[in-house]
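Below: one structure, written as structure tokens.
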Amino acid sequence: MNVLNALKGLFKGKGGTDVDDSAVSSTMRSATSLWWDAFQGQLPFAQTHKNFKPLPVAYTSTAYLAQLVTGEIKFEIADDELNRHVQKNLLPNLDRIVQQTLVGGYTVIKPYFVQSGEMFFDSGTSRDFLPMALDENGHITEGVFFERIRYRGKIYERRECHSFRNGVHTVRNTAYLYGTKRRVELSEVPKWAFLLPEGQIPSDIPMIATFRTPYANNIDLDSELPISIFANSLGTLHEIDEAHSEYCAEFKKMSAKVFADRTVLKENSGIPDDYFVGISGDGTSTMEQQIMTYAPQIRETEHSAKINKELRFYETQIGVSSGTFSFDTQKGLVTATQVLSEDRTTYNTVCQIQRQLRPVLQALSRIIVTLARFYGVECEDGECAIEFGDSVFEDTGTEFNRRFQMVQ
């Protein structure tokens, strides 16, 4: 269930924070719900065909950009043991976190320890995290994580409220029987039994790191929250889906058929297969008059061109180079196999996203050390190392030839 669609039901009169105090306006709640629906291939437009066949453009495009952003990333912190947790439990999930950020506008990341001493990293998106307050840079300083668990036939919901004030980060855990006002003890759910109702961590920064998209909010000009990478492309995404549905319908409408009198087709035993279409005839005409073939030319090229034209519009809207996404009649939606160094549009967009990600990782390294020391773990100080790499943007063959010619 989408948290954003049920915020009022979740918070009003249930001992939690009133939704009116949140940083999410009704306009942003509606917009965010549309972005996640589009990510699932469910756009809020009337379907133009009985067999509507959307293309996964929103998913493919965000996955493509996330791959470019994190494909060669290197993120290491000074302490060896803590860095082991980062390499094992954060970096493998960073690609997914970046993609979710591009879809929903923002993601918050927090480290946490389990009883075994292993450190893991939790992330909340605009779909399942409610921001309550932001600082001057748009980073979230107060908000609520949600977790739901089915236990013994019932669904329980835990609300983990975070707030950072006066050098102290406070975490409060409450649990409810989902869908009711009944508050339950954390110990009723075994997974939550070891959690404290409240804890305070001295820190000079919030213990949650906020990753935002680099785009200005033109959905709600009064909101401090960022927007999805395709927030202004929902209409184009629908046009792409409509064009693809028409492409698929073309084959069904224009497929070859034989119209014949039912008496001709196996006498009166019925139609042998879908290739034949039985009609009612007079039964007295000649055999040639009772059979009519239908085999029009399928306009495959024209429909493919329509899909690719809409893809060009979409590329411009999200800031990637023309020709990045193409509709192939045999493979479906495909992406460019390599980003050439001469093509700057995609490169600039990826650099913008990486500039947003770098301070997130820097803040996260400080949060990791602060949390570890809070739990009594000795760890080394030192700057974290962050490298993104750019070989995915290089046509290595062309670059090698260019440098070889310079040497000559």
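By convention in this document, the chains of the structure tokens carry letters A, B, ... by their order, each chain's residues are numbered from 1, and ligands are numbered from 1 in the order they are shown.
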Mind checking which residues fall within 6 Å of range 304-316 of chain A, counting only C-alpha atoms, ignoring those fewer than 4 positions away in the same chain, and posting them as a PyMOL selection string?
chain A and resi 240+243+320+322+326
Using only C-alpha atoms, find each residue in range 167-197 of chain A having at least one atom no more than 12 Å away from range 135-148 of chain A; report its shortest atom-to-atom pair and that distance in Å (one decimal), rows by chain then rising number, as JSON lines.
{"residue": "A:Gly167", "atom": "CA", "partner": "A:Thr141", "partner_atom": "CA", "distance": 11.5}
{"residue": "A:Val168", "atom": "CA", "partner": "A:Thr141", "partner_atom": "CA", "distance": 11.1}
{"residue": "A:His169", "atom": "CA", "partner": "A:Thr141", "partner_atom": "CA", "distance": 8.9}
{"residue": "A:Thr170", "atom": "CA", "partner": "A:Glu142", "partner_atom": "CA", "distance": 9.3}
{"residue": "A:Val171", "atom": "CA", "partner": "A:Val144", "partner_atom": "CA", "distance": 9.5}
{"residue": "A:Arg172", "atom": "CA", "partner": "A:Val144", "partner_atom": "CA", "distance": 9.3}
{"residue": "A:Asn173", "atom": "CA", "partner": "A:Phe145", "partner_atom": "CA", "distance": 9.6}
{"residue": "A:Thr174", "atom": "CA", "partner": "A:Phe146", "partner_atom": "CA", "distance": 10.1}
{"residue": "A:Ala175", "atom": "CA", "partner": "A:Glu147", "partner_atom": "CA", "distance": 9.3}
{"residue": "A:Tyr176", "atom": "CA", "partner": "A:Arg148", "partner_atom": "CA", "distance": 9.5}
{"residue": "A:Leu177", "atom": "CA", "partner": "A:Arg148", "partner_atom": "CA", "distance": 9.5}
{"residue": "A:Tyr178", "atom": "CA", "partner": "A:Arg148", "partner_atom": "CA", "distance": 7.9}
{"residue": "A:Gly179", "atom": "CA", "partner": "A:Arg148", "partner_atom": "CA", "distance": 11.1}
{"residue": "A:Val189", "atom": "CA", "partner": "A:Arg148", "partner_atom": "CA", "distance": 10.6}
{"residue": "A:Lys191", "atom": "CA", "partner": "A:Arg148", "partner_atom": "CA", "distance": 11.0}
{"residue": "A:Trp192", "atom": "CA", "partner": "A:Glu147", "partner_atom": "CA", "distance": 10.4}
With only C-alpha atoms as the counted atoms, please give the residues lying no more than 8 Å from Glu76 in chain A, apart from itself and same-chain residues fewer than 4 positions off, as a VMD selection string.
chain A and resid 83 86 to 87 384 to 386
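Put simply, CA of Lys50 in chain A is 21.6 Å away from CA of Leu333 in chain A.
Checking A:Phe327, A:Ser365, A:Ile149, A:Gln354 one by one against Asp241 in chain A, counting only C-alpha atoms, you find the shortest gap at A:Phe327.
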Exercise: Ile367 in chain A partners within 10 Å, only C-alpha atoms, chain neighbours under 6 positions left out, as a PyMOL selection string
chain A and resi 110-111+203-209+361+373
Using only C-alpha atoms: which of A:Ala133, A:Glu81, A:Ser25, A:Ala46 has the shortest distance to Glu378 in chain A
A:Glu81
Quick one: residues within 9 Å of Phe194 in chain A, only C-alpha atoms, excluding same-chain residues fewer than 6 positions away - as a ChimeraX atom specification?
/A:115,186-187
Pull C-alpha atoms from the residues just selected and write them as a short mmCIF file (atom, residue, chain, number, x, y, z; two decimals), in the first residue's frame.
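New file part_14.cif:
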data_model
loop_
_atom_site.label_atom_id
_atom_site.label_comp_id
_atom_site.auth_asym_id
_atom_site.auth_seq_id
_atom_site.Cartn_x
_atom_site.Cartn_y
_atom_site.Cartn_z
CA GLN A 115 22.43 -7.91 17.36
CA LEU A 186 7.28 -3.43 20.41
CA SER A 187 7.88 -6.72 22.20
#
Kindly give the distance, in Å, that separates CA of Gln352 in chain A and CA of Leu82 in chain A, rounded to a single decimal.
28.3 Å
Show which residues sit within 9 Å of Glu224 in chain A, as a VMD selection string. Count only C-alpha atoms, and ignore same-chain residues fewer than 6 positions away.
chain A and resid 23 to 24 134 138 217
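Checking A:Ile201, A:Tyr375, A:Tyr156, A:Phe120 one by one against Arg183 in chain A, counting only C-alpha atoms, you find the shortest gap at A:Tyr156.
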